[in-house]
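Student: I'm passing along my_file_39.tsv; it holds TSV, C-alpha atoms.
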chain	number	residue	atom	x	y	z
A	186	MET	CA	16.72	13.92	-2.83
A	187	ILE	CA	14.98	11.92	-0.14
A	188	ASP	CA	13.97	13.78	3.01
A	189	GLU	CA	12.55	10.99	5.16
A	190	GLU	CA	11.37	13.19	8.02
A	191	ALA	CA	9.23	15.43	5.81
A	192	ARG	CA	6.57	12.81	5.20
A	193	SER	CA	4.97	10.51	7.65
A	194	VAL	CA	1.59	8.99	8.35
A	195	GLU	CA	0.47	9.82	11.85
A	196	GLY	CA	0.46	6.77	14.08
A	197	SER	CA	2.51	4.50	11.80
A	198	ASP	CA	4.96	3.78	14.65
A	199	GLU	CA	2.14	2.73	16.98
A	200	ILE	CA	0.45	0.57	14.34
A	201	TYR	CA	3.76	-1.12	13.51
A	202	ASP	CA	4.52	-1.76	17.20
A	203	ARG	CA	1.05	-3.20	17.80
A	204	LEU	CA	1.31	-5.53	14.79
A	205	MET	CA	4.78	-6.70	15.79
A	206	ARG	CA	3.63	-7.42	19.37
A	207	LEU	CA	0.77	-9.47	17.96
A	208	LEU	CA	3.17	-11.36	15.69
A	209	ARG	CA	5.65	-11.98	18.53
A	210	ASN	CA	2.85	-13.54	20.57
A	211	ARG	CA	1.38	-15.64	17.75
A	212	VAL	CA	4.25	-16.36	15.34
A	213	PRO	CA	7.53	-15.54	17.11
A	214	GLU	CA	9.76	-16.99	14.36
A	215	LEU	CA	8.14	-14.78	11.71
A	216	ALA	CA	8.32	-11.72	13.97
A	217	ALA	CA	12.03	-12.34	14.57
A	218	GLN	CA	12.74	-12.72	10.86
A	219	LEU	CA	10.82	-9.55	9.95
A	220	SER	CA	12.53	-7.62	12.76
A	221	GLU	CA	15.94	-8.67	11.40
A	222	GLU	CA	15.04	-7.65	7.85
A	223	ILE	CA	13.73	-4.28	8.96
A	224	ALA	CA	16.69	-3.64	11.29
A	225	ALA	CA	19.08	-4.26	8.37
A	226	GLY	CA	17.71	-1.14	6.65
A	227	ARG	CA	17.64	-0.45	2.94
A	228	SER	CA	20.23	0.50	0.36
A	229	VAL	CA	20.10	4.01	-1.09
A	230	GLU	CA	22.34	5.54	-3.72
A	231	GLY	CA	24.49	8.27	-2.14
A	232	GLU	CA	23.05	11.00	-4.37
A	233	ARG	CA	19.51	10.18	-3.17
A	234	LEU	CA	20.30	10.71	0.51
A	235	SER	CA	18.82	13.75	2.23
A	236	GLU	CA	21.22	16.66	2.57
A	237	ARG	CA	21.35	16.14	6.35
A	238	GLU	CA	22.12	12.41	6.00
A	239	ARG	CA	24.69	13.01	3.27
A	240	THR	CA	26.48	15.70	5.33
A	241	MET	CA	26.53	13.47	8.41
A	242	ARG	CA	27.92	10.48	6.47
A	243	GLU	CA	30.55	12.57	4.71
A	244	GLY	CA	31.65	13.94	8.11
A	245	LEU	CA	32.04	10.40	9.44
A	246	MET	CA	33.94	9.38	6.33
A	247	ARG	CA	36.27	12.39	6.69
A	248	GLN	CA	36.97	11.42	10.30
A	249	ALA	CA	37.78	7.89	9.19
A	250	ARG	CA	39.93	9.32	6.36
A	251	VAL	CA	38.20	7.22	3.70
A	252	GLY	CA	37.25	9.94	1.22
A	253	ARG	CA	33.88	11.24	0.11
A	254	LEU	CA	30.70	9.63	-1.16
A	255	GLN	CA	31.13	9.12	-4.89
A	256	ARG	CA	28.60	8.81	-7.66
A	257	GLY	CA	27.20	5.28	-7.53
A	258	ASP	CA	28.13	4.72	-3.87
A	259	VAL	CA	25.41	3.02	-1.87
A	260	ALA	CA	24.55	3.67	1.76
A	261	VAL	CA	22.43	1.57	4.09
A	262	VAL	CA	19.82	3.69	5.85
A	263	PRO	CA	17.20	2.72	8.40
A	264	TYR	CA	13.61	2.40	7.30
A	265	THR	CA	11.33	5.28	8.24
A	266	ALA	CA	8.29	4.53	10.41
A	267	ASP	CA	6.10	4.57	7.30
A	268	GLU	CA	8.42	2.27	5.36
A	269	ARG	CA	8.60	-0.20	8.28
A	270	LEU	CA	4.82	-0.38	8.41
A	271	MET	CA	4.56	-0.78	4.62
A	272	PHE	CA	7.25	-3.51	4.67
A	273	LEU	CA	5.38	-5.36	7.41
A	274	CYS	CA	2.00	-5.09	5.66
A	275	GLN	CA	3.43	-6.29	2.35
A	276	ALA	CA	5.22	-9.19	4.04
A	277	LEU	CA	2.05	-10.33	5.83
A	278	LEU	CA	-0.01	-10.11	2.65
A	279	ARG	CA	2.63	-11.93	0.59
A	280	MET	CA	2.86	-14.66	3.23
A	281	ALA	CA	-0.94	-15.18	3.36
A	282	GLU	CA	-1.24	-15.25	-0.43
A	283	THR	CA	1.72	-17.63	-0.79
A	284	LEU	CA	0.34	-19.99	1.85
A	285	HIS	CA	-3.02	-20.14	0.11
A	286	GLY	CA	-1.40	-20.54	-3.33
A	287	SER	CA	0.81	-23.38	-2.10
A	288	LEU	CA	-2.03	-25.28	-0.44
A	289	LYS	CA	-4.25	-24.75	-3.49
A	290	SER	CA	-1.48	-26.10	-5.76
A	291	ILE	CA	-1.22	-29.26	-3.67
A	292	TRP	CA	-5.03	-29.61	-3.84
A	293	ASP	CA	-4.97	-29.18	-7.63
A	294	MET	CA	-2.14	-31.68	-7.99
A	295	ALA	CA	-4.14	-34.22	-5.97
A	296	ASP	CA	-7.09	-33.63	-8.33
A	297	THR	CA	-4.89	-34.03	-11.41
A	298	TYR	CA	-3.53	-37.35	-10.19
A	299	HIS	CA	-6.92	-38.54	-8.85
A	300	VAL	CA	-5.76	-38.77	-5.25
A	301	GLU	CA	-8.89	-39.16	-3.14
A	302	SER	CA	-7.44	-38.31	0.26
A	303	ARG	CA	-6.85	-34.66	0.99
A	304	MET	CA	-4.56	-35.45	3.92
A	305	VAL	CA	-0.95	-34.40	3.39
A	306	GLU	CA	1.84	-35.43	5.71
A	307	PHE	CA	5.04	-33.41	6.05
A	308	ALA	CA	7.87	-35.28	7.75
A	309	GLU	CA	11.45	-34.58	8.75
A	310	PRO	CA	13.87	-36.51	6.50
A	311	ASP	CA	15.18	-38.44	9.49
A	312	GLY	CA	11.63	-39.40	10.51
A	313	THR	CA	11.86	-37.75	13.93
A	314	SER	CA	8.66	-35.78	13.49
A	315	SER	CA	5.81	-35.24	11.09
A	316	VAL	CA	2.60	-33.29	10.81
A	317	GLY	CA	-0.53	-34.18	8.90
A	318	LEU	CA	-2.70	-31.52	7.30
A	319	ASP	CA	-6.22	-31.89	5.98
A	320	LEU	CA	-6.39	-29.78	2.83
A	321	SER	CA	-10.21	-29.90	2.86
A	322	ASP	CA	-10.05	-27.61	5.91
A	323	LEU	CA	-6.90	-25.65	5.13
A	324	VAL	CA	-7.52	-24.54	1.53
A	325	PRO	CA	-10.76	-22.67	2.32
A	326	LEU	CA	-9.31	-21.40	5.61
A	327	SER	CA	-6.19	-20.08	3.88
A	328	ALA	CA	-8.34	-18.38	1.22
A	329	ARG	CA	-10.40	-16.65	3.93
A	330	SER	CA	-7.24	-15.72	5.81
A	331	ALA	CA	-5.63	-14.21	2.70
A	332	ASP	CA	-8.82	-12.24	2.02
A	333	GLU	CA	-8.88	-11.02	5.63
A	334	VAL	CA	-5.22	-9.96	5.58
A	335	ARG	CA	-5.84	-8.20	2.24
A	336	ARG	CA	-8.88	-6.42	3.71
A	337	LEU	CA	-6.90	-5.27	6.75
A	338	VAL	CA	-3.72	-4.29	4.90
A	339	MET	CA	-5.20	-2.45	1.90
A	340	PRO	CA	-6.37	0.65	3.80
A	341	VAL	CA	-2.96	0.94	5.47
A	342	GLU	CA	-1.18	0.56	2.13
A	343	GLU	CA	-3.48	3.15	0.51
A	344	ALA	CA	-2.79	5.64	3.31
A	345	MET	CA	0.95	4.99	3.05
A	346	CYS	CA	1.04	5.34	-0.75
A	347	ALA	CA	-0.71	8.68	-0.48
A	348	HIS	CA	2.24	9.92	1.63
A	349	LEU	CA	5.19	8.19	-0.03
Reformat the file's structure so that it appears as structure tokens.

Tutor:
Amino acid sequence: MIDEEARSVEGSDEIYDRLMRLLRNRVPELAAQLSEEIAAGRSVEGERLSERERTMREGLMRQARVGRLQRGDVAVVPYTADERLMFLCQALLRMAETLHGSLKSIWDMADTYHVESRMVEFAEPDGTSSVGLDLSDLVPLSARSADEVRRLVMPVEEAMCAHL
């Protein structure tokens, strides 16, 4: 049985809100996507709901005359404050590590094919816009950024895991 209210890291709501404000200011598209994902909630098997949640849902189902929760039924429940913060931290870390891994792969591919220039240009298929990136600057920067995100996120994840 999951009783979401019984466990919580003090201040997780405030930390989450502060991180999301920062993201909205710096990377609004990412903040919007993460907000949507978190707002969608998570799927939980009916038998793993807390007694309070199960009773409430069964009452709503009775009112709608749709029967009871059955074995194997799945309910969508909102993330707890702790889960929201953990989701956000994991997403930021995964994004930083993926960015570095992608840039490093392009660098390695250029080495493999003996390409001297480390400038990469990304362009829209219709040619309306493009952006050039210098991998000599970005690969080390992305490695430092991934390390920094890891350094900042790990203590939060450790505190959360101790409570989950």

Student: Between A:Val251, A:Ala217, A:Leu204, A:Val262, which one has atoms that come closest to Gly231 (chain A), using all atoms listed in the file?

Tutor: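 With all atoms listed in the file as the atom set, the closest residue is A:Val262.
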
Student: Find, counting all atoms listed in the file, the residue in A:Asp296, A:Ser327, A:Glu309, A:Glu343 that gets nearest to Gln275 (chain A).

Tutor: A:Glu343

Student: For Glu222 (chain A), which residue among A:Arg242, A:Arg269, A:His285, A:Arg335 is the nearest when counting all atoms listed in the file?

Tutor: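 Using all atoms listed in the file, the shortest distance to Glu222 (chain A) belongs to A:Arg269.
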
Student: At a cut-off of 10 Å, using all atoms listed in the file, what residues contact Glu232 (chain A)? Leave out same-chain residues fewer than 4 positions from it and give the result as a PyMOL selection string.

Tutor: chain A and resi 186-187+236+239+254-260

Student: In Å, with one decimal, what is the gap from CA of Arg250 (chain A) to CA of Ala225 (chain A)?

Tutor: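 CA of Ala225 (chain A) lies at a distance of 25.0 Å from CA of Arg250 (chain A).
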
Student: Go through A:Leu318, A:Ala266, A:Ala249, A:Ala276 one by one, measure the shortest atom-to-atom distance of each to Leu288 (chain A) using all atoms listed in the file, and give the residue with the smallest value.

Tutor: A:Leu318

Student: Considering all atoms listed in the file, can you say which of A:Phe272, A:Gly286, A:Asp267, A:Met280 comes closest to Val194 (chain A)?

Tutor: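 Nearest to Val194 (chain A): A:Asp267.
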
Student: When distances are computed from all atoms listed in the file, which of A:Arg233, A:Arg209, A:Arg279, A:Arg303 shows the smallest separation from Leu323 (chain A)?

Tutor: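 Residue with the minimum atom-to-atom distance to Leu323 (chain A): A:Arg303.
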
Student: In Å, rounded to a single decimal, give me how far CA of Glu342 (chain A) is from CA of Cys274 (chain A).

Tutor: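 For CA of Cys274 (chain A) relative to CA of Glu342 (chain A), the distance reads 7.4 Å.
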
Student: Quick check, in Å to one decimal: how far apart do CA of Val261 (chain A) and CA of Leu219 (chain A) lie?

Tutor: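 CA of Leu219 (chain A) lies at a distance of 17.1 Å from CA of Val261 (chain A).
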
Student: Could you pull the residues within 12 Å of Pro340 (chain A), counting only C-alpha atoms, minus those fewer than 6 positions along the same chain, as a VMD selection string?

Tutor: chain A and resid 271 274 334 346 to 347

Student: Need the shell around Glu333 (chain A): protein/DNA/RNA residues with any atom at most 12 Å away, counting only C-alpha atoms. Skip same-chain ones fewer than 4 positions apart. Format as a list in words?

Tutor: Leu277, Leu278, Ala281, Glu282, Leu326, Ser327, Ala328, Arg329, Leu337, Val338 and Met339 of chain A

Student: Using 6 Å of padding on each side, determine the axis-aligned box around all atoms of region 198-214 of chain A present in the file and give its centre and edge lengths in Å to one decimal, as lines of an AutoDock Vina configuration file.

Tutor:
center_x = 5.1
center_y = -6.6
center_z = 17.0
size_x = 21.3
size_y = 32.8
size_z = 19.1
